[in-house]
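A.B. asks: Okay, handing you the structure first.
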Amino acid sequence: MNKQIYFDYAASTPLDPRVLKTMLPLFEFDFCGNTMSLHSFGQKASEIVEESRNTFAKILNSKPQEIIFTGSATESNNTVLKGIAFANQKKGKHIIISSIEHDCIVESSNWLKKMGFEITKVPVDKFGLIDLEALKLSIRPDTILVSIIHGNNEIGTIQDLEAIGKICKENKVYFHTDASQSFGKTPIDVQKMNLDLLTASSHKIYGPKGVALLYIKSGTKIEPLLHGGGHEYGLRSSTVNVPLIAGFAKAAELCIEEMPQETERLTKLRDKLINSILTSIEGSYLNGHPTQRLSNNINISFSKVEGESLMLQLDFAGIACSTGSACSSNSLEPSHVLLATGLKAHQAHGSLRFSIGRWTTEEEIDYLLEVIPQVINKFRILSPFKL
């Protein structure tokens with residue numbers, strides 16, 4: 001193995017050197033203060049955090065005080081589901097999610113069911129798009145929240161948030177989206193999309209791990225997940241991590257600034273990889289929407305082969321990819337996302353996700369296209385199944 005190629009940007013991205021350069025001075029003595037302290041050290045640290053908050057407010061078209069910093073997208077999503085549930089249970093105990101949510105939404109929902117809440121999962125079509133009519137019919141007088149993922153982490157399908165937001169607004173139901181995969185890759189306007197809550201993550205956009213955000217529209221009734229000293233407007237107590245927040249903001253600025261050209265570049269590489277695989281490898285099928293998808297996501301099922309074995313063989317060839325969500329890749333169960341689109345268990349088990357990013361080159365795409373047919377053919381020869 002003389003190559004090391006990363007095709008797993010959807011799991012986590014490398015830290016951009018420009019982001020690291022922004023963060024490093026903030027680890028020094030001058031910025032050691034707690035943002036809640038009134039002395040100059042605390043105020044200097046607080047200024048950095050507020051500048052970062054303003055950056056995200058401009059990007060999302062929100063108010064600065066509507067941006068709350070958290071430790072992860074999982075924390076943000078847990079805060080939304082549990083916080084909205086317990087703050088609004090007098091109105092009702094009914095929550096709607098999609099059938100293709102990230103595991104942290106699914107598991108939060110499962111926990112809330114144990115607490116007496118009712119969860120409805122809205123179905124998707126074969127491309128992973130939400131059934132809007134089913135959503136309308138699912139909303140009841142006791143519905144308190146609709147949570148729909150924006151860009152799916154496994155199949156890349158992008159939902160029409162504006163259409164979903166309109167439905168929620170008309171029914172006076174809180175609307176949340178997990179935008180961990182889409183933030184920084186596609187424009188998001190919380191006002192235009194009628195969003196009440198939104199999750200975004202730093203390590204998906206070339207920022208540091210361990211920091212994320214939660215947009216909470218002013219007036220939203222929500223309970224905090226963490227109680228303590230009253231940080232983040234009382235909605236997320238914990239001493240604020242100044243360098244990570246500043247790095248997150250810098251990463252977001254870079255993504256927004258470079259979005260037009262980077263989206264065009266990645267889309268060309270994505271489509272080249274998809275089209276080449278589908279035309280050169282018999283029994284290969286694209287998962288997710290063919291065009292309404294994240295610019296960096298490629299998810300393909302290969303008939304009569306097993307995804308985990310393919311992934312490991314590709315890793316031996318220096319190619320890192322995934323069989324599904326990185327958070328559940330150790331599970332031997334078929335992806336609930338792929339099953340929701342209508343795939344059978346054996347088809348879901350034969351899927352691979354390639355996700356590309358800022359440092360992906362056309363030469364790396366060509367290398368993958370050279371290697372993957374050889375690997376597929378090797379396993380099909382050994383397979384007892386025939387195409």
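To be explicit about the labels: the chains of the structure tokens are called A, B, and onward in the order shown, and within each one the residues are counted from 1, while ligands get numbers from 1 in the order they are shown.
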Please return, as a ChimeraX atom specification, all residues of stretch 277-332 of chain A that DSSP assigns to strand (DSSP E or B) on the basis of the backbone.

C.D. replies: /A:284-286,293,297-302,319-320,322

A.B. asks: Enumerate, in order of chain and increasing residue number, the residues of stretch 141-260 of chain A with an atom no farther than 10 Å from stretch 297-310 of chain A, each with its shortest atom pair and distance in Å to one decimal, counting only C-alpha atoms, as JSON lines.

C.D. replies:
{"residue": "A:Gly151", "atom": "CA", "partner": "A:Asn297", "partner_atom": "CA", "distance": 9.7}
{"residue": "A:Asn152", "atom": "CA", "partner": "A:Asn297", "partner_atom": "CA", "distance": 9.2}
{"residue": "A:Asn153", "atom": "CA", "partner": "A:Asn297", "partner_atom": "CA", "distance": 8.3}
{"residue": "A:Glu154", "atom": "CA", "partner": "A:Asn299", "partner_atom": "CA", "distance": 7.0}
{"residue": "A:Ile155", "atom": "CA", "partner": "A:Asn299", "partner_atom": "CA", "distance": 5.6}
{"residue": "A:Gly156", "atom": "CA", "partner": "A:Asn297", "partner_atom": "CA", "distance": 5.4}
{"residue": "A:Thr157", "atom": "CA", "partner": "A:Asn297", "partner_atom": "CA", "distance": 8.7}
{"residue": "A:Gln181", "atom": "CA", "partner": "A:Asn297", "partner_atom": "CA", "distance": 9.8}

A.B. asks: DSSP on the backbone: which residues in stretch 86-307 of chain A end up as alpha helix (DSSP H)? Give the answer as a ChimeraX atom specification.

C.D. replies: /A:86-87,103-114,132-138,161-170,242-280,307

A.B. asks: Tell me which of A:Ile119, A:Val211, A:Leu161, A:Leu137 sits closest to A:Asp189, counting only C-alpha atoms.

C.D. replies: A:Leu161

A.B. asks: So the first atom is atom CA of A:Lys63 and the second is atom CA of A:Met36; what is the distance between them in Å, to one decimal place?

C.D. replies: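 Separation between atom CA of A:Lys63 and atom CA of A:Met36: 20.6 Å.
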